[in-house]
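Undergrad: Structure: query39.cif, mmCIF, C-alpha atoms.
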data_final
#
loop_
_atom_site.group_PDB
_atom_site.id
_atom_site.type_symbol
_atom_site.label_atom_id
_atom_site.label_comp_id
_atom_site.auth_asym_id
_atom_site.auth_seq_id
_atom_site.Cartn_x
_atom_site.Cartn_y
_atom_site.Cartn_z
ATOM 1 C CA MET A 1 17.343 -133.711 -12.720
ATOM 2 C CA LYS A 2 19.782 -132.362 -10.135
ATOM 3 C CA GLN A 3 18.469 -131.440 -6.706
ATOM 4 C CA LYS A 4 20.017 -127.975 -7.046
ATOM 5 C CA THR A 5 17.903 -127.385 -10.151
ATOM 6 C CA ILE A 6 14.820 -128.645 -8.317
ATOM 7 C CA LYS A 7 15.548 -126.229 -5.480
ATOM 8 C CA ILE A 8 15.836 -123.314 -7.919
ATOM 9 C CA LEU A 9 12.580 -124.262 -9.662
ATOM 10 C CA SER A 10 10.801 -124.619 -6.330
ATOM 11 C CA SER A 11 12.041 -121.200 -5.223
ATOM 12 C CA LEU A 12 10.921 -119.587 -8.493
ATOM 13 C CA VAL A 13 7.412 -121.038 -8.207
ATOM 14 C CA GLY A 14 7.377 -119.933 -4.576
ATOM 15 C CA ILE A 15 8.212 -116.379 -5.628
ATOM 16 C CA VAL A 16 5.311 -116.398 -8.123
ATOM 17 C CA PHE A 17 2.929 -117.548 -5.390
ATOM 18 C CA LEU A 18 4.295 -114.961 -2.949
ATOM 19 C CA VAL A 19 3.991 -112.049 -5.382
ATOM 20 C CA SER A 20 0.475 -113.173 -6.289
ATOM 21 C CA GLY A 21 -0.598 -113.618 -2.665
ATOM 22 C CA ILE A 22 0.968 -110.383 -1.416
ATOM 23 C CA GLY A 23 -0.598 -108.453 -4.308
ATOM 24 C CA LYS A 24 -4.003 -109.758 -3.266
ATOM 25 C CA ALA A 25 -3.346 -109.124 0.446
ATOM 26 C CA ILE A 26 -2.731 -105.419 -0.232
ATOM 27 C CA ILE A 27 -6.251 -105.089 -1.688
ATOM 28 C CA ALA A 28 -8.075 -108.011 -0.081
ATOM 29 C CA TYR A 29 -11.509 -106.412 -0.324
ATOM 30 C CA GLU A 30 -11.067 -105.611 -4.012
ATOM 31 C CA PHE A 31 -9.980 -109.210 -4.589
ATOM 32 C CA SER A 32 -13.125 -110.398 -2.831
ATOM 33 C CA GLN A 33 -15.186 -108.295 -5.234
ATOM 34 C CA THR A 34 -13.334 -109.897 -8.137
ATOM 35 C CA LEU A 35 -14.517 -113.286 -6.874
ATOM 36 C CA VAL A 36 -18.110 -112.021 -6.951
ATOM 37 C CA GLN A 37 -17.811 -111.898 -10.749
ATOM 38 C CA TYR A 38 -18.096 -115.675 -10.752
ATOM 39 C CA GLY A 39 -21.720 -115.431 -9.652
ATOM 40 C CA PHE A 40 -21.472 -116.730 -6.097
ATOM 41 C CA GLU A 41 -21.624 -114.193 -3.261
ATOM 42 C CA ALA A 42 -20.136 -116.755 -0.836
ATOM 43 C CA PHE A 43 -16.884 -116.695 -2.850
ATOM 44 C CA ARG A 44 -16.284 -113.189 -1.489
ATOM 45 C CA PHE A 45 -15.773 -114.486 2.027
ATOM 46 C CA LEU A 46 -13.204 -117.027 0.836
ATOM 47 C CA ALA A 47 -10.861 -114.240 -0.270
ATOM 48 C CA PRO A 48 -8.778 -113.985 2.954
ATOM 49 C CA ALA A 49 -8.405 -117.779 3.180
ATOM 50 C CA ILE A 50 -7.277 -118.016 -0.451
ATOM 51 C CA ILE A 51 -4.737 -115.227 0.051
ATOM 52 C CA ILE A 52 -3.173 -116.696 3.209
ATOM 53 C CA PHE A 53 -3.153 -120.203 1.734
ATOM 54 C CA GLU A 54 -1.363 -118.988 -1.390
ATOM 55 C CA ILE A 55 1.252 -117.071 0.616
ATOM 56 C CA ALA A 56 1.822 -120.100 2.866
ATOM 57 C CA LEU A 57 2.370 -122.306 -0.184
ATOM 58 C CA GLY A 58 4.747 -119.748 -1.630
ATOM 59 C CA LEU A 59 6.820 -119.672 1.562
ATOM 60 C CA ALA A 60 6.935 -123.471 1.769
ATOM 61 C CA LEU A 61 8.079 -123.775 -1.849
ATOM 62 C CA PHE A 62 10.623 -120.968 -1.545
ATOM 63 C CA PHE A 63 12.265 -122.470 1.541
ATOM 64 C CA GLY A 64 11.885 -126.063 0.330
ATOM 65 C CA ILE A 65 9.682 -127.146 3.243
ATOM 66 C CA ARG A 66 8.198 -130.605 2.537
ATOM 67 C CA GLN A 67 9.030 -129.914 -1.086
ATOM 68 C CA ARG A 68 7.235 -132.827 -2.733
ATOM 69 C CA LEU A 69 4.077 -132.550 -0.618
ATOM 70 C CA MET A 70 3.865 -128.777 -1.002
ATOM 71 C CA SER A 71 4.403 -129.089 -4.748
ATOM 72 C CA LEU A 72 1.579 -131.617 -4.951
ATOM 73 C CA ILE A 73 -0.770 -129.330 -3.012
ATOM 74 C CA SER A 74 0.302 -126.383 -5.189
ATOM 75 C CA LEU A 75 -0.413 -128.427 -8.303
ATOM 76 C CA GLY A 76 -3.953 -129.072 -7.095
ATOM 77 C CA PHE A 77 -4.358 -125.400 -6.165
ATOM 78 C CA VAL A 78 -3.323 -124.182 -9.623
ATOM 79 C CA PHE A 79 -5.552 -126.776 -11.289
ATOM 80 C CA VAL A 80 -8.619 -125.769 -9.243
ATOM 81 C CA LEU A 81 -8.034 -122.078 -9.944
ATOM 82 C CA SER A 82 -7.700 -122.834 -13.659
ATOM 83 C CA VAL A 83 -11.028 -124.697 -13.664
ATOM 84 C CA VAL A 84 -12.750 -121.854 -11.799
ATOM 85 C CA LEU A 85 -11.333 -119.311 -14.255
ATOM 86 C CA LEU A 86 -12.530 -121.438 -17.178
ATOM 87 C CA TYR A 87 -16.034 -121.424 -15.709
ATOM 88 C CA GLY A 88 -15.874 -117.653 -15.298
ATOM 89 C CA VAL A 89 -14.674 -117.103 -18.853
ATOM 90 C CA LEU A 90 -17.282 -119.417 -20.413
ATOM 91 C CA PHE A 91 -20.337 -118.533 -18.334
ATOM 92 C CA MET A 92 -19.758 -115.234 -16.492
ATOM 93 C CA ASN A 93 -17.805 -113.150 -19.031
ATOM 94 C CA VAL A 94 -14.810 -112.950 -16.698
ATOM 95 C CA THR A 95 -11.759 -111.565 -18.476
ATOM 96 C CA ASP A 96 -9.481 -110.755 -15.545
ATOM 97 C CA CYS A 97 -8.949 -113.153 -12.633
ATOM 98 C CA GLY A 98 -7.103 -110.502 -10.623
ATOM 99 C CA CYS A 99 -4.349 -113.066 -10.034
ATOM 100 C CA PHE A 100 -1.749 -110.539 -8.877
ATOM 101 C CA GLY A 101 -4.098 -108.124 -7.109
ATOM 102 C CA HIS A 102 -2.444 -104.764 -6.482
ATOM 103 C CA PHE A 103 0.274 -105.566 -9.023
ATOM 104 C CA SER A 104 -2.217 -105.133 -11.852
ATOM 105 C CA PHE A 105 0.504 -104.748 -14.493
ATOM 106 C CA LEU A 106 1.169 -108.480 -14.018
ATOM 107 C CA ASN A 107 -2.451 -109.447 -14.675
ATOM 108 C CA THR A 108 -2.977 -110.890 -18.131
ATOM 109 C CA SER A 109 -5.766 -112.050 -20.408
ATOM 110 C CA PRO A 110 -7.253 -115.532 -19.808
ATOM 111 C CA THR A 111 -5.138 -116.934 -22.654
ATOM 112 C CA PHE A 112 -1.850 -115.847 -21.083
ATOM 113 C CA THR A 113 -3.119 -116.817 -17.648
ATOM 114 C CA TYR A 114 -3.679 -120.370 -18.859
ATOM 115 C CA LEU A 115 -0.266 -120.380 -20.523
ATOM 116 C CA ARG A 116 1.308 -119.306 -17.232
ATOM 117 C CA ASN A 117 -0.655 -121.926 -15.326
ATOM 118 C CA LEU A 118 0.427 -124.648 -17.743
ATOM 119 C CA ILE A 119 4.056 -123.666 -17.180
ATOM 120 C CA LEU A 120 3.515 -123.753 -13.409
ATOM 121 C CA ILE A 121 1.872 -127.172 -13.641
ATOM 122 C CA TYR A 122 4.766 -128.512 -15.735
ATOM 123 C CA VAL A 123 7.370 -127.157 -13.315
ATOM 124 C CA LEU A 124 5.485 -128.504 -10.298
ATOM 125 C CA LEU A 125 5.269 -131.935 -11.934
ATOM 126 C CA CYS A 126 9.027 -131.849 -12.492
ATOM 127 C CA ILE A 127 9.552 -131.048 -8.820
ATOM 128 C CA ILE A 128 7.179 -133.805 -7.693
ATOM 129 C CA LEU A 129 8.760 -136.440 -9.918
ATOM 130 C CA ASN A 130 12.381 -135.504 -9.249
ATOM 131 C CA SER A 131 12.556 -134.334 -5.649
ATOM 132 C CA ASP A 132 13.765 -136.841 -3.078
ATOM 133 C CA ASN A 133 11.544 -138.184 -0.321
ATOM 134 C CA SER A 134 13.733 -136.940 2.498
ATOM 135 C CA CYS A 135 12.409 -134.146 4.668
ATOM 136 C CA ARG A 136 15.258 -131.756 5.347
ATOM 137 C CA MET A 137 15.346 -129.880 8.618
ATOM 138 C CA THR A 138 14.250 -126.274 8.249
ATOM 139 C CA GLU A 139 16.830 -123.797 9.498
ATOM 140 C CA LEU A 140 15.768 -121.648 12.443
ATOM 141 C CA ASP A 141 16.307 -118.394 10.559
ATOM 142 C CA GLU A 142 14.187 -119.690 7.663
ATOM 143 C CA THR A 143 11.389 -120.606 10.082
ATOM 144 C CA ILE A 144 11.505 -117.184 11.718
ATOM 145 C CA VAL A 145 11.436 -115.365 8.368
ATOM 146 C CA ALA A 146 8.605 -117.521 6.995
ATOM 147 C CA PHE A 147 6.544 -117.185 10.178
ATOM 148 C CA SER A 148 7.091 -113.408 10.281
ATOM 149 C CA ILE A 149 6.027 -112.965 6.665
ATOM 150 C CA LEU A 150 2.929 -115.085 7.235
ATOM 151 C CA CYS A 151 1.967 -113.067 10.330
ATOM 152 C CA VAL A 152 2.352 -109.788 8.459
ATOM 153 C CA ALA A 153 0.349 -111.187 5.552
ATOM 154 C CA CYS A 154 -2.463 -112.225 7.903
ATOM 155 C CA PHE A 155 -2.554 -108.742 9.446
ATOM 156 C CA VAL A 156 -2.510 -106.909 6.099
ATOM 157 C CA THR A 157 -5.167 -109.193 4.617
ATOM 158 C CA GLY A 158 -7.463 -108.776 7.586
ATOM 159 C CA TYR A 159 -6.931 -105.023 7.678
ATOM 160 C CA THR A 160 -7.512 -104.345 3.968
ATOM 161 C CA PHE A 161 -10.495 -106.707 3.865
ATOM 162 C CA LYS A 162 -12.254 -105.306 6.944
ATOM 163 C CA GLU A 163 -11.276 -101.658 6.539
ATOM 164 C CA SER A 164 -12.397 -101.418 2.925
ATOM 165 C CA ASN A 165 -15.500 -103.457 3.672
ATOM 166 C CA ASN A 166 -16.455 -101.006 6.414
ATOM 167 C CA GLU A 167 -16.172 -98.140 3.936
ATOM 168 C CA THR A 168 -19.267 -99.434 2.141
ATOM 169 C CA THR A 169 -21.353 -97.948 4.960
ATOM 170 C CA GLN A 170 -19.249 -94.849 5.567
ATOM 171 C CA TYR A 171 -21.394 -92.535 3.458
ATOM 172 C CA ILE A 172 -24.876 -93.872 4.112
ATOM 173 C CA THR A 173 -26.317 -90.405 4.746
ATOM 174 C CA THR A 174 -23.553 -88.135 3.525
ATOM 175 C CA GLY A 175 -21.559 -87.846 0.376
ATOM 176 C CA LYS A 176 -17.983 -86.938 -0.348
ATOM 177 C CA SER A 177 -17.897 -83.559 -2.058
ATOM 178 C CA VAL A 178 -15.682 -83.505 -5.135
ATOM 179 C CA SER A 179 -15.385 -81.426 -8.264
ATOM 180 C CA VAL A 180 -13.818 -83.343 -11.111
ATOM 181 C CA THR A 181 -14.581 -83.039 -14.802
ATOM 182 C CA VAL A 182 -16.015 -86.300 -16.102
ATOM 183 C CA GLU A 183 -13.552 -86.414 -18.993
ATOM 184 C CA ASN A 184 -10.696 -86.611 -16.473
ATOM 185 C CA THR A 185 -12.040 -89.812 -14.914
ATOM 186 C CA ALA A 186 -12.653 -93.386 -16.028
ATOM 187 C CA LEU A 187 -16.366 -92.570 -16.045
ATOM 188 C CA GLY A 188 -15.783 -90.429 -19.114
ATOM 189 C CA ASP A 189 -14.672 -93.538 -20.993
ATOM 190 C CA LEU A 190 -17.928 -95.313 -20.141
ATOM 191 C CA LEU A 191 -20.672 -92.719 -20.580
ATOM 192 C CA THR A 192 -21.400 -89.438 -22.308
ATOM 193 C CA PHE A 193 -23.284 -86.706 -20.443
ATOM 194 C CA SER A 194 -25.104 -83.552 -21.478
ATOM 195 C CA LYS A 195 -23.713 -80.356 -19.934
ATOM 196 C CA ASP A 196 -27.154 -78.947 -19.183
ATOM 197 C CA SER A 197 -28.445 -82.019 -17.309
ATOM 198 C CA THR A 198 -27.907 -83.651 -13.926
ATOM 199 C CA TYR A 199 -27.221 -87.360 -13.457
ATOM 200 C CA LEU A 200 -26.849 -89.988 -10.782
ATOM 201 C CA VAL A 201 -24.610 -92.855 -11.902
ATOM 202 C CA PHE A 202 -24.976 -95.931 -9.684
ATOM 203 C CA ALA A 203 -22.275 -98.622 -9.922
ATOM 204 C CA PHE A 204 -23.494 -101.928 -8.495
ATOM 205 C CA THR A 205 -23.332 -105.718 -8.777
ATOM 206 C CA TYR A 206 -26.144 -108.266 -8.880
ATOM 207 C CA SER A 207 -24.822 -110.017 -5.756
ATOM 208 C CA CYS A 208 -24.244 -107.048 -3.443
ATOM 209 C CA PRO A 209 -26.667 -106.656 -0.483
ATOM 210 C CA HIS A 210 -25.721 -102.980 0.018
ATOM 211 C CA CYS A 211 -26.659 -102.430 -3.623
ATOM 212 C CA PHE A 212 -30.041 -104.095 -3.146
ATOM 213 C CA ASN A 213 -30.755 -101.904 -0.117
ATOM 214 C CA SER A 214 -30.136 -98.832 -2.298
ATOM 215 C CA ILE A 215 -32.515 -99.605 -5.150
ATOM 216 C CA GLU A 216 -35.736 -98.174 -3.712
ATOM 217 C CA ASN A 217 -33.999 -94.907 -2.854
ATOM 218 C CA LEU A 218 -32.446 -94.840 -6.320
ATOM 219 C CA LYS A 219 -35.891 -95.158 -7.881
ATOM 220 C CA GLN A 220 -36.928 -91.893 -6.166
ATOM 221 C CA TYR A 221 -34.319 -89.682 -7.770
ATOM 222 C CA GLU A 222 -35.885 -89.135 -11.163
ATOM 223 C CA ARG A 223 -39.434 -89.158 -9.780
ATOM 224 C CA LEU A 224 -38.609 -86.430 -7.256
ATOM 225 C CA GLU A 225 -36.625 -84.542 -9.927
ATOM 226 C CA ILE A 226 -33.458 -84.651 -7.850
ATOM 227 C CA VAL A 227 -31.634 -85.510 -11.075
ATOM 228 C CA ASP A 228 -32.685 -85.517 -14.706
ATOM 229 C CA LYS A 229 -31.515 -89.079 -15.299
ATOM 230 C CA VAL A 230 -30.387 -92.129 -13.333
ATOM 231 C CA ILE A 231 -27.977 -94.568 -14.967
ATOM 232 C CA ALA A 232 -26.959 -97.819 -13.305
ATOM 233 C CA ILE A 233 -23.773 -99.553 -14.446
ATOM 234 C CA THR A 234 -22.797 -103.123 -13.640
ATOM 235 C CA PHE A 235 -21.230 -106.378 -14.879
ATOM 236 C CA PRO A 236 -23.153 -108.669 -17.220
ATOM 237 C CA ALA A 237 -24.992 -111.483 -15.442
ATOM 238 C CA ASP A 238 -26.770 -114.635 -16.544
ATOM 239 C CA ASN A 239 -30.391 -114.397 -17.697
ATOM 240 C CA ILE A 240 -31.848 -115.910 -14.518
ATOM 241 C CA THR A 241 -30.030 -113.441 -12.234
ATOM 242 C CA THR A 242 -31.050 -110.500 -14.405
ATOM 243 C CA LYS A 243 -34.683 -111.626 -14.575
ATOM 244 C CA ASN A 244 -34.877 -112.131 -10.817
ATOM 245 C CA PHE A 245 -33.460 -108.652 -10.251
ATOM 246 C CA HIS A 246 -36.030 -107.054 -12.558
ATOM 247 C CA ASP A 247 -38.896 -109.095 -11.093
ATOM 248 C CA VAL A 248 -38.035 -108.137 -7.518
ATOM 249 C CA PHE A 249 -36.969 -104.502 -7.888
ATOM 250 C CA GLN A 250 -38.729 -103.417 -11.102
ATOM 251 C CA PRO A 251 -36.129 -100.726 -11.854
ATOM 252 C CA ASN A 252 -37.339 -97.526 -13.501
ATOM 253 C CA PHE A 253 -33.840 -96.505 -14.570
ATOM 254 C CA GLU A 254 -31.439 -97.445 -17.348
ATOM 255 C CA ILE A 255 -28.976 -100.277 -16.664
ATOM 256 C CA VAL A 256 -25.799 -100.483 -18.758
ATOM 257 C CA ASN A 257 -23.493 -103.513 -18.689
ATOM 258 C CA TYR A 258 -19.696 -103.308 -18.914
ATOM 259 C CA LEU A 259 -16.983 -105.913 -18.850
ATOM 260 C CA PRO A 260 -15.254 -106.244 -15.449
ATOM 261 C CA GLU A 261 -11.980 -104.728 -16.617
ATOM 262 C CA GLN A 262 -13.878 -101.666 -17.891
ATOM 263 C CA LEU A 263 -15.793 -101.118 -14.658
ATOM 264 C CA PHE A 264 -12.779 -101.836 -12.454
ATOM 265 C CA ARG A 265 -11.011 -98.865 -14.039
ATOM 266 C CA LEU A 266 -13.654 -96.775 -12.290
ATOM 267 C CA THR A 267 -14.059 -98.616 -8.975
ATOM 268 C CA ASN A 268 -13.546 -101.925 -7.201
ATOM 269 C CA ARG A 269 -16.027 -101.138 -4.432
ATOM 270 C CA PHE A 270 -19.772 -101.434 -4.707
ATOM 271 C CA PRO A 271 -22.075 -99.693 -4.533
ATOM 272 C CA VAL A 272 -20.628 -96.302 -5.349
ATOM 273 C CA SER A 273 -22.596 -93.448 -6.894
ATOM 274 C CA TYR A 274 -21.689 -90.231 -8.651
ATOM 275 C CA TYR A 275 -23.780 -87.064 -8.739
ATOM 276 C CA ILE A 276 -22.967 -85.225 -11.963
ATOM 277 C CA LYS A 277 -23.842 -81.660 -12.901
ATOM 278 C CA ASN A 278 -22.515 -79.519 -15.755
ATOM 279 C CA ASN A 279 -20.468 -82.504 -16.912
ATOM 280 C CA THR A 280 -18.646 -82.467 -13.562
ATOM 281 C CA ILE A 281 -18.715 -85.028 -10.757
ATOM 282 C CA LYS A 282 -19.906 -82.985 -7.767
ATOM 283 C CA MET A 283 -20.386 -85.769 -5.235
ATOM 284 C CA GLU A 284 -19.241 -89.341 -4.695
ATOM 285 C CA ILE A 285 -21.447 -91.514 -2.491
ATOM 286 C CA ARG A 286 -19.935 -94.753 -1.220
ATOM 287 C CA GLY A 287 -22.154 -97.460 0.177
ATOM 288 C CA MET A 288 -25.922 -97.491 0.430
ATOM 289 C CA LEU A 289 -27.687 -94.561 -1.177
ATOM 290 C CA PRO A 290 -29.541 -92.069 1.046
ATOM 291 C CA SER A 291 -33.172 -91.233 0.449
ATOM 292 C CA GLY A 292 -34.006 -88.472 -1.969
ATOM 293 C CA TYR A 293 -34.690 -86.060 0.894
ATOM 294 C CA LEU A 294 -31.295 -86.666 2.531
ATOM 295 C CA LEU A 295 -29.460 -86.357 -0.761
ATOM 296 C CA GLN A 296 -31.147 -83.039 -1.500
ATOM 297 C CA ARG A 297 -30.066 -81.792 1.906
ATOM 298 C CA GLU A 298 -26.462 -82.849 1.270
ATOM 299 C CA LEU A 299 -26.481 -81.209 -2.163
ATOM 300 C CA ALA A 300 -27.742 -77.975 -0.612
ATOM 301 C CA LYS A 301 -24.801 -78.011 1.808
ATOM 302 C CA ILE A 302 -22.309 -78.010 -1.054
ATOM 303 C CA GLY A 303 -24.313 -75.525 -3.111
ATOM 304 C CA ASN A 304 -25.606 -77.830 -5.855
#
Kindly return the structure encoded in the file as structure tokens.
TA:
Amino acid sequence: MKQKTIKILSSLVGIVFLVSGIGKAIIAYEFSQTLVQYGFEAFRFLAPAIIIFEIALGLALFFGIRQRLMSLISLGFVFVLSVVLLYGVLFMNVTDCGCFGHFSFLNTSPTFTYLRNLILIYVLLCIILNSDNSCRMTELDETIVAFSILCVACFVTGYTFKESNNETTQYITTGKSVSVTVENTALGDLLTFSKDSTYLVFAFTYSCPHCFNSIENLKQYERLEIVDKVIAITFPADNITTKNFHDVFQPNFEIVNYLPEQLFRLTNRFPVSYYIKNNTIKMEIRGMLPSGYLLQRELAKIGN
């Protein structure tokens, strides 16, 4: 195989890695929440490292830096991600790996994701087997461009991960007043509400500490007649996780499970709650829920 062809293939794979990494960098916190689907909270903190590593590989492949070595590392990276996705599909009901992050139109079903990964593995093997062993000198302008892109990627990843993460505590005691008909939101595709009742919909995950800190307050809302009904919505979890949650918190509210792609149409940040009256979302509460007393005070401020 000609070296020119190898260079083109390497650049194409590099572009795929770059688009994937940049898409994740734009919404780093949301990507970290996608990793939580796999059942391990620690995965969330690996999100920035995964993003920067992927972008660095993409730059190395695009500019042909240590082509054979970088292709070998990329091969291992794609293989590991494929194994992790397989685990998620088989045991955690994962249907969307969030591979391209913000560029959601590029995300595909697990079947097409594996097809894409197989193509990447084949191309990377071709590069490994056909590239020469010589290490070409990287041009100065290529080094400057690659380093600049990597610096920007590091900044964006850190900013979107930390900034969005901080928002989980932004509304601890206050809510964001809104007035949107349920039918005009993704929530209308998930639940049906009665026009003459009030609801508190609580979106959470089984691995979110802010969610856990909200449960006792959530349990007050029906008891204190702040709302007529509390509904919690979340991803499916394994039997052990679900049992532990019920044993510890003993929820007195309904819990409805949705597939990740269904819930992500509503939100990528957890917890987030919606106060609903007259079939209209009157308040959105991001982060830990306030006590029943504080919520009543906030509702009085907005006339609900």
Undergrad: Which value, in Å to one decimal, gives the distance between CA of Phe161 in chain A and CA of Arg269 in chain A?
TA: 11.4 Å
Undergrad: Name every residue that the PyMOL selection byres ((chain A and resi 76) around 12) selects in this structure, writing the answer as a PyMOL selection string with chains first and numbers rising.
TA: chain A and resi 54+57+69-75+77-83+117+120-121+124-125
Undergrad: Between A:Ser291, A:Thr181, A:Thr5, A:Gln37, which has the minimum distance to Tyr87 in chain A (counting all atoms listed in the file)?
TA: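 Checking each of A:Ser291, A:Thr181, A:Thr5, A:Gln37 against Tyr87 in chain A, counting all atoms listed in the file, the winner is A:Gln37.
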Undergrad: Could you give me, as a PyMOL selection string, the residues within 9 Å of Tyr206 in chain A, counting all atoms listed in the file and dropping anything in the same chain fewer than 4 positions from it?
TA: chain A and resi 39+211-212+234-237+241-242+245
Undergrad: Using the chain letters and residue numbers of this document, give as a VMD selection string the residues selected by the PyMOL selection byres ((chain A and resi 226-229) around 12).
TA: chain A and resid 193 to 202 217 to 225 230 to 232 252 to 255 274 to 278 291 to 300 304
Undergrad: Let me make sure I understand: among A:Glu30, A:Asp238, A:Asp132, A:Glu284, which one has the smallest atom-to-atom distance to Ile6 in chain A if we use all atoms listed in the file?
TA: A:Asp132
Undergrad: Give me the range 246-287 of chain A side of the contact with range 98-115 of chain A, cut-off 12 Å, one line per residue showing its nearest atom pair and distance in Å at one decimal, counting only C-alpha atoms, sorted by chain and residue number, as a tab-separated table.
TA:
residue	atom	partner	partner_atom	distance
A:Pro260	CA	A:Gly98	CA	10.4
A:Glu261	CA	A:Gly98	CA	9.6
A:Phe264	CA	A:Gly98	CA	10.5
A:Arg265	CA	A:Ser104	CA	11.0
A:Asn268	CA	A:Gly98	CA	11.3
Undergrad: Running the PyMOL selection byres ((chain A and resi 185-189) around 10) on this model by hand, what would come out? Give it as a PDB file with C-alpha atoms, keeping the file's coordinate frame.
TA:
ATOM      1  CA  VAL A 180     -13.818 -83.343 -11.111  1.00  0.00           C
ATOM      2  CA  THR A 181     -14.581 -83.039 -14.802  1.00  0.00           C
ATOM      3  CA  VAL A 182     -16.015 -86.300 -16.102  1.00  0.00           C
ATOM      4  CA  GLU A 183     -13.552 -86.414 -18.993  1.00  0.00           C
ATOM      5  CA  ASN A 184     -10.696 -86.611 -16.473  1.00  0.00           C
ATOM      6  CA  LEU A 190     -17.928 -95.313 -20.141  1.00  0.00           C
ATOM      7  CA  LEU A 191     -20.672 -92.719 -20.580  1.00  0.00           C
ATOM      8  CA  THR A 192     -21.400 -89.438 -22.308  1.00  0.00           C
ATOM      9  CA  PHE A 193     -23.284 -86.706 -20.443  1.00  0.00           C
ATOM     10  CA  VAL A 201     -24.610 -92.855 -11.902  1.00  0.00           C
ATOM     11  CA  GLN A 262     -13.878-101.666 -17.891  1.00  0.00           C
ATOM     12  CA  LEU A 263     -15.793-101.118 -14.658  1.00  0.00           C
ATOM     13  CA  PHE A 264     -12.779-101.836 -12.454  1.00  0.00           C
ATOM     14  CA  ARG A 265     -11.011 -98.865 -14.039  1.00  0.00           C
ATOM     15  CA  LEU A 266     -13.654 -96.775 -12.290  1.00  0.00           C
ATOM     16  CA  THR A 267     -14.059 -98.616  -8.975  1.00  0.00           C
ATOM     17  CA  TYR A 274     -21.689 -90.231  -8.651  1.00  0.00           C
ATOM     18  CA  ASN A 279     -20.468 -82.504 -16.912  1.00  0.00           C
ATOM     19  CA  THR A 280     -18.646 -82.467 -13.562  1.00  0.00           C
ATOM     20  CA  ILE A 281     -18.715 -85.028 -10.757  1.00  0.00           C
TER      21      ILE A 281
END
Undergrad: Tell me, in Å to one decimal, how far CA of Ala25 in chain A is from CA of Phe53 in chain A.
TA: 11.2 Å
Undergrad: CA of Thr34 in chain A and CA of Gly287 in chain A are how many Å apart?
TA: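 If I compute the distance from CA of Thr34 in chain A to CA of Gly287 in chain A, I get 17.4 Å.
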